[in-house]
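Visitor: This is run_34.cif, which holds mmCIF, C-alpha atoms, pLDDT in the B column; chains and numbers go by the auth columns:
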```cif
data_structure
#
loop_
_atom_site.group_PDB
_atom_site.id
_atom_site.type_symbol
_atom_site.label_atom_id
_atom_site.label_comp_id
_atom_site.label_asym_id
_atom_site.label_seq_id
_atom_site.Cartn_x
_atom_site.Cartn_y
_atom_site.Cartn_z
_atom_site.B_iso_or_equiv
_atom_site.auth_seq_id
_atom_site.auth_asym_id
ATOM 1 C CA MET A 1 -12.337 -18.248 -6.939 62.00 1302 A
ATOM 2 C CA ILE A 2 -15.311 -15.943 -7.563 71.00 1303 A
ATOM 3 C CA ASP A 3 -17.494 -16.260 -10.687 76.00 1304 A
ATOM 4 C CA LEU A 4 -18.314 -12.861 -12.184 84.00 1305 A
ATOM 5 C CA ASP A 5 -21.965 -11.893 -12.644 87.00 1306 A
ATOM 6 C CA ASP A 6 -23.221 -9.661 -15.487 87.00 1307 A
ATOM 7 C CA GLU A 7 -22.865 -6.441 -13.497 91.00 1308 A
ATOM 8 C CA GLN A 8 -19.266 -7.268 -12.558 91.00 1309 A
ATOM 9 C CA LEU A 9 -18.424 -8.194 -16.132 91.00 1310 A
ATOM 10 C CA LEU A 10 -19.627 -4.752 -17.216 94.00 1311 A
ATOM 11 C CA ARG A 11 -18.021 -2.849 -14.325 94.00 1312 A
ATOM 12 C CA TYR A 12 -14.589 -4.417 -14.869 94.00 1313 A
ATOM 13 C CA SER A 13 -14.860 -4.834 -18.655 93.00 1314 A
ATOM 14 C CA ARG A 14 -12.050 -2.392 -19.474 94.00 1315 A
ATOM 15 C CA GLN A 15 -9.645 -4.425 -17.342 94.00 1316 A
ATOM 16 C CA ILE A 16 -10.894 -7.807 -18.501 93.00 1317 A
ATOM 17 C CA MET A 17 -10.328 -6.920 -22.169 91.00 1318 A
ATOM 18 C CA LEU A 18 -6.595 -6.555 -21.500 93.00 1319 A
ATOM 19 C CA PRO A 19 -4.845 -9.704 -22.805 92.00 1320 A
ATOM 20 C CA GLN A 20 -2.516 -9.696 -19.782 91.00 1321 A
ATOM 21 C CA TRP A 21 -5.465 -9.486 -17.384 93.00 1322 A
ATOM 22 C CA ASP A 22 -8.586 -11.404 -18.519 89.00 1323 A
ATOM 23 C CA VAL A 23 -11.398 -12.891 -16.403 92.00 1324 A
ATOM 24 C CA ALA A 24 -9.092 -15.143 -14.384 91.00 1325 A
ATOM 25 C CA ALA A 25 -7.070 -12.187 -13.118 93.00 1326 A
ATOM 26 C CA GLN A 26 -10.237 -10.275 -12.226 94.00 1327 A
ATOM 27 C CA GLU A 27 -11.510 -13.257 -10.280 94.00 1328 A
ATOM 28 C CA LYS A 28 -8.269 -13.288 -8.268 94.00 1329 A
ATOM 29 C CA ILE A 29 -8.709 -9.609 -7.463 96.00 1330 A
ATOM 30 C CA LEU A 30 -12.323 -10.067 -6.386 96.00 1331 A
ATOM 31 C CA ALA A 31 -11.277 -12.873 -4.041 95.00 1332 A
ATOM 32 C CA SER A 32 -8.344 -10.949 -2.565 97.00 1333 A
ATOM 33 C CA ARG A 33 -7.788 -9.149 0.728 98.00 1334 A
ATOM 34 C CA VAL A 34 -5.478 -6.143 1.059 98.00 1335 A
ATOM 35 C CA LEU A 35 -4.364 -4.422 4.255 98.00 1336 A
ATOM 36 C CA ILE A 36 -3.668 -0.674 3.945 98.00 1337 A
ATOM 37 C CA ILE A 37 -1.760 1.008 6.761 97.00 1338 A
ATOM 38 C CA GLY A 38 -2.534 4.736 6.791 96.00 1339 A
ATOM 39 C CA MET A 39 -5.502 6.512 5.261 96.00 1340 A
ATOM 40 C CA GLY A 40 -3.853 9.833 4.481 94.00 1341 A
ATOM 41 C CA GLY A 41 -2.687 11.087 1.096 94.00 1342 A
ATOM 42 C CA LEU A 42 -1.162 7.847 -0.178 97.00 1343 A
ATOM 43 C CA GLY A 43 -3.727 5.549 1.405 97.00 1344 A
ATOM 44 C CA SER A 44 -6.683 7.582 0.129 96.00 1345 A
ATOM 45 C CA VAL A 45 -5.649 7.281 -3.500 97.00 1346 A
ATOM 46 C CA CYS A 46 -4.429 3.700 -3.259 98.00 1347 A
ATOM 47 C CA ALA A 47 -7.590 2.485 -1.523 98.00 1348 A
ATOM 48 C CA MET A 48 -9.861 4.210 -4.031 98.00 1349 A
ATOM 49 C CA TYR A 49 -8.119 2.647 -7.021 98.00 1350 A
ATOM 50 C CA LEU A 50 -7.973 -0.791 -5.406 98.00 1351 A
ATOM 51 C CA GLY A 51 -11.658 -0.536 -4.547 97.00 1352 A
ATOM 52 C CA ALA A 52 -12.553 0.650 -8.037 97.00 1353 A
ATOM 53 C CA ALA A 53 -10.492 -2.168 -9.562 97.00 1354 A
ATOM 54 C CA GLY A 54 -12.448 -4.747 -7.559 96.00 1355 A
ATOM 55 C CA VAL A 55 -10.303 -5.868 -4.629 97.00 1356 A
ATOM 56 C CA GLY A 56 -12.790 -7.923 -2.646 95.00 1357 A
ATOM 57 C CA HIS A 57 -11.874 -6.870 0.889 98.00 1358 A
ATOM 58 C CA LEU A 58 -9.938 -3.816 2.038 98.00 1359 A
ATOM 59 C CA ILE A 59 -8.804 -3.566 5.665 98.00 1360 A
ATOM 60 C CA LEU A 60 -8.023 0.057 6.536 98.00 1361 A
ATOM 61 C CA VAL A 61 -5.903 0.909 9.584 97.00 1362 A
ATOM 62 C CA ASP A 62 -5.526 4.467 10.893 96.00 1363 A
ATOM 63 C CA PHE A 63 -6.316 5.922 14.326 95.00 1364 A
ATOM 64 C CA ASP A 64 -6.177 9.550 13.134 95.00 1365 A
ATOM 65 C CA ARG A 65 -9.113 11.895 12.490 97.00 1366 A
ATOM 66 C CA VAL A 66 -9.754 14.134 9.496 96.00 1367 A
ATOM 67 C CA ASP A 67 -8.423 17.676 9.848 95.00 1368 A
ATOM 68 C CA LEU A 68 -8.876 20.660 7.530 96.00 1369 A
ATOM 69 C CA SER A 69 -5.162 20.600 6.662 94.00 1370 A
ATOM 70 C CA ASN A 70 -5.586 17.031 5.317 93.00 1371 A
ATOM 71 C CA LEU A 71 -8.028 18.003 2.567 94.00 1372 A
ATOM 72 C CA GLN A 72 -5.347 19.518 0.317 94.00 1373 A
ATOM 73 C CA ARG A 73 -4.232 15.989 -0.650 95.00 1374 A
ATOM 74 C CA GLN A 74 -6.224 13.276 1.184 95.00 1375 A
ATOM 75 C CA ILE A 75 -8.966 12.916 -1.399 94.00 1376 A
ATOM 76 C CA ALA A 76 -10.964 10.150 0.322 96.00 1377 A
ATOM 77 C CA HIS A 77 -12.161 12.810 2.794 96.00 1378 A
ATOM 78 C CA GLY A 78 -14.263 15.967 2.447 96.00 1379 A
ATOM 79 C CA MET A 79 -15.357 18.966 4.498 97.00 1380 A
ATOM 80 C CA GLN A 80 -18.227 16.938 5.939 97.00 1381 A
ATOM 81 C CA ASP A 81 -15.734 14.421 7.344 97.00 1382 A
ATOM 82 C CA ILE A 82 -13.723 16.818 9.513 97.00 1383 A
ATOM 83 C CA GLY A 83 -13.529 15.324 13.004 97.00 1384 A
ATOM 84 C CA ARG A 84 -14.425 11.799 11.856 97.00 1385 A
ATOM 85 C CA THR A 85 -11.960 8.951 11.896 97.00 1386 A
ATOM 86 C CA LYS A 86 -10.169 8.652 8.581 97.00 1387 A
ATOM 87 C CA VAL A 87 -11.038 4.981 8.217 97.00 1388 A
ATOM 88 C CA ALA A 88 -14.772 5.670 8.652 97.00 1389 A
ATOM 89 C CA SER A 89 -14.617 8.503 6.124 97.00 1390 A
ATOM 90 C CA ALA A 90 -12.673 6.355 3.659 97.00 1391 A
ATOM 91 C CA ARG A 91 -15.071 3.437 4.119 97.00 1392 A
ATOM 92 C CA ASP A 92 -18.018 5.615 3.090 97.00 1393 A
ATOM 93 C CA THR A 93 -16.108 6.928 0.067 97.00 1394 A
ATOM 94 C CA LEU A 94 -15.131 3.430 -1.054 98.00 1395 A
ATOM 95 C CA GLN A 95 -18.603 1.968 -0.646 96.00 1396 A
ATOM 96 C CA ALA A 96 -20.095 4.842 -2.636 96.00 1397 A
ATOM 97 C CA LEU A 97 -17.497 4.184 -5.339 96.00 1398 A
ATOM 98 C CA ASN A 98 -18.002 0.415 -5.415 97.00 1399 A
ATOM 99 C CA PRO A 99 -20.684 -1.184 -3.206 95.00 1400 A
ATOM 100 C CA GLY A 100 -19.308 -4.631 -4.035 94.00 1401 A
ATOM 101 C CA VAL A 101 -16.135 -4.076 -2.032 96.00 1402 A
ATOM 102 C CA GLN A 102 -16.090 -5.120 1.629 97.00 1403 A
ATOM 103 C CA VAL A 103 -14.341 -2.552 3.823 98.00 1404 A
ATOM 104 C CA THR A 104 -13.172 -3.152 7.389 97.00 1405 A
ATOM 105 C CA PRO A 105 -12.136 0.074 9.171 98.00 1406 A
ATOM 106 C CA LEU A 106 -9.802 -0.256 12.152 97.00 1407 A
ATOM 107 C CA ALA A 107 -9.561 3.090 13.937 96.00 1408 A
ATOM 108 C CA THR A 108 -6.905 1.999 16.393 93.00 1409 A
ATOM 109 C CA ARG A 109 -3.177 1.770 16.917 93.00 1410 A
ATOM 110 C CA LEU A 110 -2.558 -1.952 16.495 94.00 1411 A
ATOM 111 C CA SER A 111 -0.123 -3.718 18.793 94.00 1412 A
ATOM 112 C CA PRO A 112 2.668 -5.712 17.096 95.00 1413 A
ATOM 113 C CA GLU A 113 0.720 -8.905 17.781 95.00 1414 A
ATOM 114 C CA GLU A 114 -2.505 -7.482 16.388 96.00 1415 A
ATOM 115 C CA LEU A 115 -0.752 -6.160 13.297 96.00 1416 A
ATOM 116 C CA LEU A 116 0.901 -9.519 12.626 96.00 1417 A
ATOM 117 C CA ALA A 117 -2.470 -11.243 12.935 96.00 1418 A
ATOM 118 C CA GLN A 118 -3.951 -8.873 10.347 97.00 1419 A
ATOM 119 C CA VAL A 119 -0.998 -9.298 7.990 96.00 1420 A
ATOM 120 C CA ARG A 120 -1.315 -13.095 8.107 96.00 1421 A
ATOM 121 C CA GLN A 121 -4.884 -12.891 6.754 96.00 1422 A
ATOM 122 C CA VAL A 122 -4.254 -10.845 3.595 97.00 1423 A
ATOM 123 C CA ASP A 123 -2.751 -11.302 0.139 96.00 1424 A
ATOM 124 C CA ALA A 124 -0.771 -8.053 0.158 97.00 1425 A
ATOM 125 C CA VAL A 125 0.068 -5.176 2.486 98.00 1426 A
ATOM 126 C CA VAL A 126 0.229 -1.523 1.430 98.00 1427 A
ATOM 127 C CA ASP A 127 2.316 0.739 3.664 97.00 1428 A
ATOM 128 C CA ALA A 128 0.937 4.259 3.293 95.00 1429 A
ATOM 129 C CA CYS A 129 1.837 5.553 6.747 93.00 1430 A
ATOM 130 C CA ASP A 130 3.925 8.609 7.602 84.00 1431 A
ATOM 131 C CA ASN A 131 6.442 7.443 10.211 87.00 1432 A
ATOM 132 C CA PHE A 132 9.392 5.074 10.201 86.00 1433 A
ATOM 133 C CA ALA A 133 8.602 3.254 13.434 89.00 1434 A
ATOM 134 C CA THR A 134 5.369 1.969 11.877 92.00 1435 A
ATOM 135 C CA ARG A 135 7.052 1.224 8.543 93.00 1436 A
ATOM 136 C CA PHE A 136 9.714 -0.888 10.251 92.00 1437 A
ATOM 137 C CA LEU A 137 7.061 -2.780 12.233 94.00 1438 A
ATOM 138 C CA VAL A 138 4.911 -3.385 9.143 95.00 1439 A
ATOM 139 C CA ASN A 139 7.962 -4.670 7.283 94.00 1440 A
ATOM 140 C CA GLN A 140 8.867 -7.025 10.124 93.00 1441 A
ATOM 141 C CA CYS A 141 5.337 -8.451 10.188 95.00 1442 A
ATOM 142 C CA CYS A 142 5.349 -8.942 6.403 95.00 1443 A
ATOM 143 C CA VAL A 143 8.668 -10.778 6.551 93.00 1444 A
ATOM 144 C CA GLU A 144 7.478 -12.991 9.387 93.00 1445 A
ATOM 145 C CA ALA A 145 4.124 -13.714 7.756 93.00 1446 A
ATOM 146 C CA GLY A 146 5.582 -14.156 4.268 92.00 1447 A
ATOM 147 C CA LYS A 147 3.465 -11.445 2.657 95.00 1448 A
ATOM 148 C CA PRO A 148 4.431 -8.951 -0.075 96.00 1449 A
ATOM 149 C CA LEU A 149 4.769 -5.322 1.005 97.00 1450 A
ATOM 150 C CA ILE A 150 4.082 -2.396 -1.300 97.00 1451 A
ATOM 151 C CA SER A 151 5.708 0.614 0.311 96.00 1452 A
ATOM 152 C CA GLY A 152 5.339 4.248 -0.726 96.00 1453 A
ATOM 153 C CA ALA A 153 6.469 7.568 0.680 94.00 1454 A
ATOM 154 C CA ALA A 154 6.127 11.213 -0.320 93.00 1455 A
ATOM 155 C CA ILE A 155 7.380 14.467 1.146 90.00 1456 A
ATOM 156 C CA ARG A 156 8.006 17.951 -0.264 92.00 1457 A
ATOM 157 C CA PHE A 157 8.436 17.224 -4.030 95.00 1458 A
ATOM 158 C CA GLU A 158 10.062 13.801 -3.481 94.00 1459 A
ATOM 159 C CA GLY A 159 8.468 10.379 -3.691 95.00 1460 A
ATOM 160 C CA GLN A 160 9.527 6.758 -3.669 95.00 1461 A
ATOM 161 C CA LEU A 161 7.981 3.358 -4.228 96.00 1462 A
ATOM 162 C CA GLY A 162 9.181 -0.197 -3.706 96.00 1463 A
ATOM 163 C CA VAL A 163 7.864 -3.758 -3.539 96.00 1464 A
ATOM 164 C CA PHE A 164 9.445 -5.926 -0.874 94.00 1465 A
ATOM 165 C CA ALA A 165 9.310 -9.684 -0.553 89.00 1466 A
ATOM 166 C CA GLY A 166 11.716 -10.048 2.355 69.00 1467 A
ATOM 167 C CA HIS A 167 10.309 -13.473 3.204 70.00 1468 A
ATOM 168 C CA ARG A 168 12.189 -14.779 0.159 77.00 1469 A
ATOM 169 C CA PRO A 169 15.830 -15.508 1.016 78.00 1470 A
ATOM 170 C CA GLU A 170 17.152 -13.755 -2.097 82.00 1471 A
ATOM 171 C CA SER A 171 15.019 -10.600 -1.823 88.00 1472 A
ATOM 172 C CA PRO A 172 15.761 -7.484 0.270 92.00 1473 A
ATOM 173 C CA CYS A 173 13.209 -6.244 2.777 91.00 1474 A
ATOM 174 C CA TYR A 174 12.390 -2.639 3.641 91.00 1475 A
ATOM 175 C CA ARG A 175 14.806 -2.733 6.584 90.00 1476 A
ATOM 176 C CA CYS A 176 17.676 -3.581 4.201 88.00 1477 A
ATOM 177 C CA LEU A 177 17.105 -0.154 2.639 86.00 1478 A
ATOM 178 C CA TYR A 178 17.360 1.805 5.881 81.00 1479 A
ATOM 179 C CA GLY A 179 20.137 0.903 8.278 69.00 1480 A
ATOM 180 C CA ASP A 180 20.611 2.173 11.808 62.00 1481 A
ATOM 181 C CA ASP A 181 22.841 5.018 10.609 56.00 1482 A
ATOM 182 C CA THR A 182 20.434 6.282 7.928 56.00 1483 A
ATOM 183 C CA GLU A 183 19.283 9.886 8.357 55.00 1484 A
ATOM 184 C CA LEU A 184 15.502 9.687 8.128 57.00 1485 A
ATOM 185 C CA PRO A 185 13.354 12.567 6.762 62.00 1486 A
ATOM 186 C CA GLY A 186 10.652 14.232 8.827 62.00 1487 A
ATOM 187 C CA THR A 187 6.908 14.350 8.264 67.00 1488 A
ATOM 188 C CA CYS A 188 4.699 16.352 5.893 63.00 1489 A
ATOM 189 C CA ALA A 189 3.626 18.526 8.829 68.00 1490 A
ATOM 190 C CA GLU A 190 7.275 19.460 9.347 72.00 1491 A
ATOM 191 C CA ASN A 191 8.377 19.768 5.714 77.00 1492 A
ATOM 192 C CA GLY A 192 5.277 20.297 3.564 84.00 1493 A
ATOM 193 C CA ILE A 193 4.159 18.401 0.476 90.00 1494 A
ATOM 194 C CA ILE A 194 2.778 19.201 -2.980 93.00 1495 A
ATOM 195 C CA ALA A 195 -0.731 17.749 -3.319 93.00 1496 A
ATOM 196 C CA PRO A 196 -0.612 15.687 -6.573 94.00 1497 A
ATOM 197 C CA LEU A 197 2.553 13.833 -5.541 96.00 1498 A
ATOM 198 C CA VAL A 198 0.662 11.543 -3.173 96.00 1499 A
ATOM 199 C CA GLY A 199 -1.732 10.808 -6.035 96.00 1500 A
ATOM 200 C CA VAL A 200 1.160 9.707 -8.238 96.00 1501 A
ATOM 201 C CA ILE A 201 2.735 7.445 -5.613 97.00 1502 A
ATOM 202 C CA GLY A 202 -0.569 6.143 -4.242 97.00 1503 A
ATOM 203 C CA SER A 203 -1.767 5.213 -7.743 97.00 1504 A
ATOM 204 C CA LEU A 204 1.460 3.342 -8.401 97.00 1505 A
ATOM 205 C CA GLN A 205 1.080 1.504 -5.087 98.00 1506 A
ATOM 206 C CA ALA A 206 -2.359 0.350 -6.229 98.00 1507 A
ATOM 207 C CA LEU A 207 -0.954 -0.729 -9.597 98.00 1508 A
ATOM 208 C CA GLU A 208 1.874 -2.737 -8.001 98.00 1509 A
ATOM 209 C CA ALA A 209 -0.548 -4.361 -5.553 97.00 1510 A
ATOM 210 C CA LEU A 210 -2.851 -5.462 -8.388 98.00 1511 A
ATOM 211 C CA LYS A 211 0.097 -6.917 -10.327 97.00 1512 A
ATOM 212 C CA VAL A 212 1.333 -8.765 -7.246 96.00 1513 A
ATOM 213 C CA ILE A 213 -2.086 -10.266 -6.500 96.00 1514 A
ATOM 214 C CA ALA A 214 -2.916 -11.162 -10.108 95.00 1515 A
ATOM 215 C CA GLY A 215 0.598 -12.462 -10.786 94.00 1516 A
ATOM 216 C CA ILE A 216 1.124 -10.453 -13.964 94.00 1517 A
ATOM 217 C CA GLY A 217 3.846 -8.234 -15.371 94.00 1518 A
ATOM 218 C CA THR A 218 7.064 -7.221 -13.652 93.00 1519 A
ATOM 219 C CA THR A 219 6.834 -5.605 -10.230 94.00 1520 A
ATOM 220 C CA LEU A 220 9.302 -3.345 -8.446 95.00 1521 A
ATOM 221 C CA GLU A 221 10.487 -6.150 -6.194 94.00 1522 A
ATOM 222 C CA GLY A 222 14.139 -5.548 -5.316 92.00 1523 A
ATOM 223 C CA GLN A 223 14.011 -2.023 -6.749 94.00 1524 A
ATOM 224 C CA LEU A 224 13.241 1.487 -5.591 95.00 1525 A
ATOM 225 C CA LEU A 225 11.499 3.955 -7.886 96.00 1526 A
ATOM 226 C CA VAL A 226 12.351 7.545 -6.943 96.00 1527 A
ATOM 227 C CA VAL A 227 10.714 10.686 -8.318 95.00 1528 A
ATOM 228 C CA ASP A 228 11.785 14.317 -8.174 96.00 1529 A
ATOM 229 C CA ALA A 229 8.411 15.889 -8.918 95.00 1530 A
ATOM 230 C CA LEU A 230 9.757 19.436 -9.021 96.00 1531 A
ATOM 231 C CA HIS A 231 11.816 18.583 -12.118 97.00 1532 A
ATOM 232 C CA THR A 232 9.793 15.529 -13.281 95.00 1533 A
ATOM 233 C CA GLU A 233 12.778 13.208 -13.043 96.00 1534 A
ATOM 234 C CA TRP A 234 12.515 9.481 -12.343 96.00 1535 A
ATOM 235 C CA ARG A 235 15.234 7.095 -11.202 96.00 1536 A
ATOM 236 C CA ARG A 236 15.119 3.342 -10.674 95.00 1537 A
ATOM 237 C CA LEU A 237 17.568 1.962 -8.122 94.00 1538 A
ATOM 238 C CA ARG A 238 18.382 -1.716 -7.682 94.00 1539 A
ATOM 239 C CA LEU A 239 18.433 -2.713 -4.033 91.00 1540 A
ATOM 240 C CA LYS A 240 20.809 -5.182 -2.455 90.00 1541 A
ATOM 241 C CA LYS A 241 19.940 -7.528 0.361 89.00 1542 A
ATOM 242 C CA ASP A 242 21.761 -6.636 3.554 87.00 1543 A
ATOM 243 C CA PRO A 243 23.359 -9.839 4.874 87.00 1544 A
ATOM 244 C CA GLU A 244 23.328 -8.281 8.350 87.00 1545 A
ATOM 245 C CA CYS A 245 19.723 -7.052 8.196 88.00 1546 A
ATOM 246 C CA PRO A 246 18.225 -7.425 11.690 88.00 1547 A
ATOM 247 C CA VAL A 247 14.873 -8.467 10.195 88.00 1548 A
ATOM 248 C CA CYS A 248 15.112 -10.652 7.086 86.00 1549 A
ATOM 249 C CA ARG A 249 18.533 -12.158 7.883 81.00 1550 A
ATOM 250 C CA HIS A 250 16.886 -14.205 10.638 72.00 1551 A
ATOM 251 C CA PHE A 251 14.244 -15.619 8.291 66.00 1552 A
ATOM 252 C CA SER A 252 16.783 -16.189 5.530 51.00 1553 A
ATOM 253 C CA LEU A 253 18.809 -18.364 7.848 44.00 1554 A
ATOM 254 C CA ILE A 254 15.724 -20.318 8.893 43.00 1555 A
ATOM 255 C CA SER A 255 14.792 -21.002 5.264 42.00 1556 A
ATOM 256 C CA LYS A 256 18.206 -22.402 4.309 37.00 1557 A
#
```
Rewrite the coordinates I just gave you, this time as structure tokens.
Guide:
Amino acid sequence: MIDLDDEQLLRYSRQIMLPQWDVAAQEKILASRVLIIGMGGLGSVCAMYLGAAGVGHLILVDFDRVDLSNLQRQIAHGMQDIGRTKVASARDTLQALNPGVQVTPLATRLSPEELLAQVRQVDAVVDACDNFATRFLVNQCCVEAGKPLISGAAIRFEGQLGVFAGHRPESPCYRCLYGDDTELPGTCAENGIIAPLVGVIGSLQALEALKVIAGIGTTLEGQLLVVDALHTEWRRLRLKKDPECPVCRHFSLISK
């Protein structure tokens, strides 16, 4: 546990005064490590709020570089960052926002073994990527390593958010949500996206991650929050564990 100094007490005072939060929760956050996969629209917002809130160590993974078309929604990057790796750009933004946060940028496509090794070292994983192959791999690593996964997605005017603890026998994992016969949506480059939507979902990912790490409140574990931003309509869906899930079924059987 980390003891707060006077500067930290002032910086995080508005959180600490919350009766559900207090100094003990802030100390947990300062001692925590979070892995964020993807430093685009969702990852930019999530990382900035986690850094501002005091997460001690953020590990950012993204091999992509900043492009002009990103700047409509990926607010961790600016005109001066075009051509740079997104993780390097985001690192500079985060350290300017909160110098007390350690940031490790990984500008590479991690192998399954490398990703699993990173997942094992953190307290929570945020999936902010834009393709299902990576999402399925991240989920599998979280199940195997026994780490909570905060997953978000946004496209067009549609967004969704869920917290998955597939390492627990009774809880569904991300793969339970999407079976082999599920028709998967395309990317933002193919379909477009309204800019503030990633801010909404990315902020909620940060909020869920903080609650998971601090152990407060009720998270979205076992649920899916869906938003229709065009009509400002929210739905909360309860997810069922798939007894035939190719990922968490294996670990459920081991745990019995």
Visitor: Identify which of the residues A:Leu1361, A:Ala1354, A:Ile1451, A:Leu1407 lies closest to A:Gly1503, counting only C-alpha atoms when measuring atom-to-atom distances.
Guide: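 Distance minimum relative to A:Gly1503 lands on A:Ile1451.
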Visitor: Give as a PDB file with C-alpha atoms, in the coordinates of the input the set of residues within 10 Å of the point (1.8, -3.5, -4.8), where distances use the file's coordinates and all atoms listed in the file.
Guide:
```
ATOM      1  CA  VAL A1335      -5.478  -6.143   1.059  1.00 98.00           C
ATOM      2  CA  CYS A1347      -4.429   3.700  -3.259  1.00 98.00           C
ATOM      3  CA  ALA A1425      -0.771  -8.053   0.158  1.00 97.00           C
ATOM      4  CA  VAL A1426       0.068  -5.176   2.486  1.00 98.00           C
ATOM      5  CA  VAL A1427       0.229  -1.523   1.430  1.00 98.00           C
ATOM      6  CA  ASP A1428       2.316   0.739   3.664  1.00 97.00           C
ATOM      7  CA  PRO A1449       4.431  -8.951  -0.075  1.00 96.00           C
ATOM      8  CA  LEU A1450       4.769  -5.322   1.005  1.00 97.00           C
ATOM      9  CA  ILE A1451       4.082  -2.396  -1.300  1.00 97.00           C
ATOM     10  CA  SER A1452       5.708   0.614   0.311  1.00 96.00           C
ATOM     11  CA  GLY A1453       5.339   4.248  -0.726  1.00 96.00           C
ATOM     12  CA  LEU A1462       7.981   3.358  -4.228  1.00 96.00           C
ATOM     13  CA  GLY A1463       9.181  -0.197  -3.706  1.00 96.00           C
ATOM     14  CA  VAL A1464       7.864  -3.758  -3.539  1.00 96.00           C
ATOM     15  CA  PHE A1465       9.445  -5.926  -0.874  1.00 94.00           C
ATOM     16  CA  GLY A1503      -0.569   6.143  -4.242  1.00 97.00           C
ATOM     17  CA  SER A1504      -1.767   5.213  -7.743  1.00 97.00           C
ATOM     18  CA  LEU A1505       1.460   3.342  -8.401  1.00 97.00           C
ATOM     19  CA  GLN A1506       1.080   1.504  -5.087  1.00 98.00           C
ATOM     20  CA  ALA A1507      -2.359   0.350  -6.229  1.00 98.00           C
ATOM     21  CA  LEU A1508      -0.954  -0.729  -9.597  1.00 98.00           C
ATOM     22  CA  GLU A1509       1.874  -2.737  -8.001  1.00 98.00           C
ATOM     23  CA  ALA A1510      -0.548  -4.361  -5.553  1.00 97.00           C
ATOM     24  CA  LEU A1511      -2.851  -5.462  -8.388  1.00 98.00           C
ATOM     25  CA  LYS A1512       0.097  -6.917 -10.327  1.00 97.00           C
ATOM     26  CA  VAL A1513       1.333  -8.765  -7.246  1.00 96.00           C
ATOM     27  CA  ILE A1514      -2.086 -10.266  -6.500  1.00 96.00           C
ATOM     28  CA  THR A1520       6.834  -5.605 -10.230  1.00 94.00           C
ATOM     29  CA  LEU A1521       9.302  -3.345  -8.446  1.00 95.00           C
ATOM     30  CA  GLU A1522      10.487  -6.150  -6.194  1.00 94.00           C
TER      31      GLU A1522
END
```
Visitor: Smallest atom-to-atom distance to A:Pro1473: which of A:Met1380, A:Ile1337, A:Leu1311, A:Cys1546, using only C-alpha atoms?
Guide: A:Cys1546
Visitor: Give me, as a ChimeraX atom specification, all polymer residues having an atom no more than 10 Å from stretch 1442-1444 of chain A, counting all atoms listed in the file and skipping those fewer than 3 positions away in the same chain.
Guide: /A:1413-1414,1416-1421,1425-1426,1436-1439,1447-1450,1465-1469,1474-1475,1548-1549,1551-1553
Visitor: Would you pick out the contacts of A:Leu1369 at 12 Å or less, using only C-alpha atoms, so that residues sharing its chain but fewer than 4 positions from it are not included, and give the list as a compact mmCIF listing (two decimals) with C-alpha atoms, keeping the file's coordinate frame?
Guide:
```
# COMPACT_ATOMS: atom_id res chain seq x y z
CA GLN A 1373 -5.35 19.52 0.32
CA ARG A 1374 -4.23 15.99 -0.65
CA GLN A 1375 -6.22 13.28 1.18
CA ILE A 1376 -8.97 12.92 -1.40
CA HIS A 1378 -12.16 12.81 2.79
CA GLY A 1379 -14.26 15.97 2.45
CA MET A 1380 -15.36 18.97 4.50
CA GLN A 1381 -18.23 16.94 5.94
CA ASP A 1382 -15.73 14.42 7.34
CA ILE A 1383 -13.72 16.82 9.51
CA GLY A 1384 -13.53 15.32 13.00
CA ARG A 1385 -14.42 11.80 11.86
```
Visitor: Go through A:Arg1550, A:Arg1536, A:Arg1334, A:Lys1542 and flag the residue nearest A:Val1356, using only C-alpha atoms for the distances.
Guide: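 Using only C-alpha atoms, A:Val1356 sits closest to A:Arg1334.
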Visitor: Interatomic distance between atom CA of A:Gly1500 and atom CA of A:Ser1412?
Guide: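 According to the coordinates, atom CA of A:Gly1500 and atom CA of A:Ser1412 are separated by 28.8 Å.
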Visitor: Under the PyMOL selection byres ((chain A and resi 1366) around 10), which residues of this model are included? Write them out as a list in words.
Guide: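 That expression, the PyMOL selection byres ((chain A and resi 1366) around 10), corresponds here to Met1340, Gly1341, Asp1363, Phe1364, Asp1365, Val1367, Asp1368, Asn1371, Asp1382, Ile1383, Gly1384, Arg1385, Thr1386, Lys1387, Val1388, Ala1389, Ser1390 and Ala1408 of chain A.
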Visitor: Measuring atom to atom with only C-alpha atoms, identify which of A:Val1362, A:Ile1502, A:Ile1317, A:Val1404 is nearest to A:Val1346.
Guide: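 Counting only C-alpha atoms, the residue closest to A:Val1346 is A:Ile1502.
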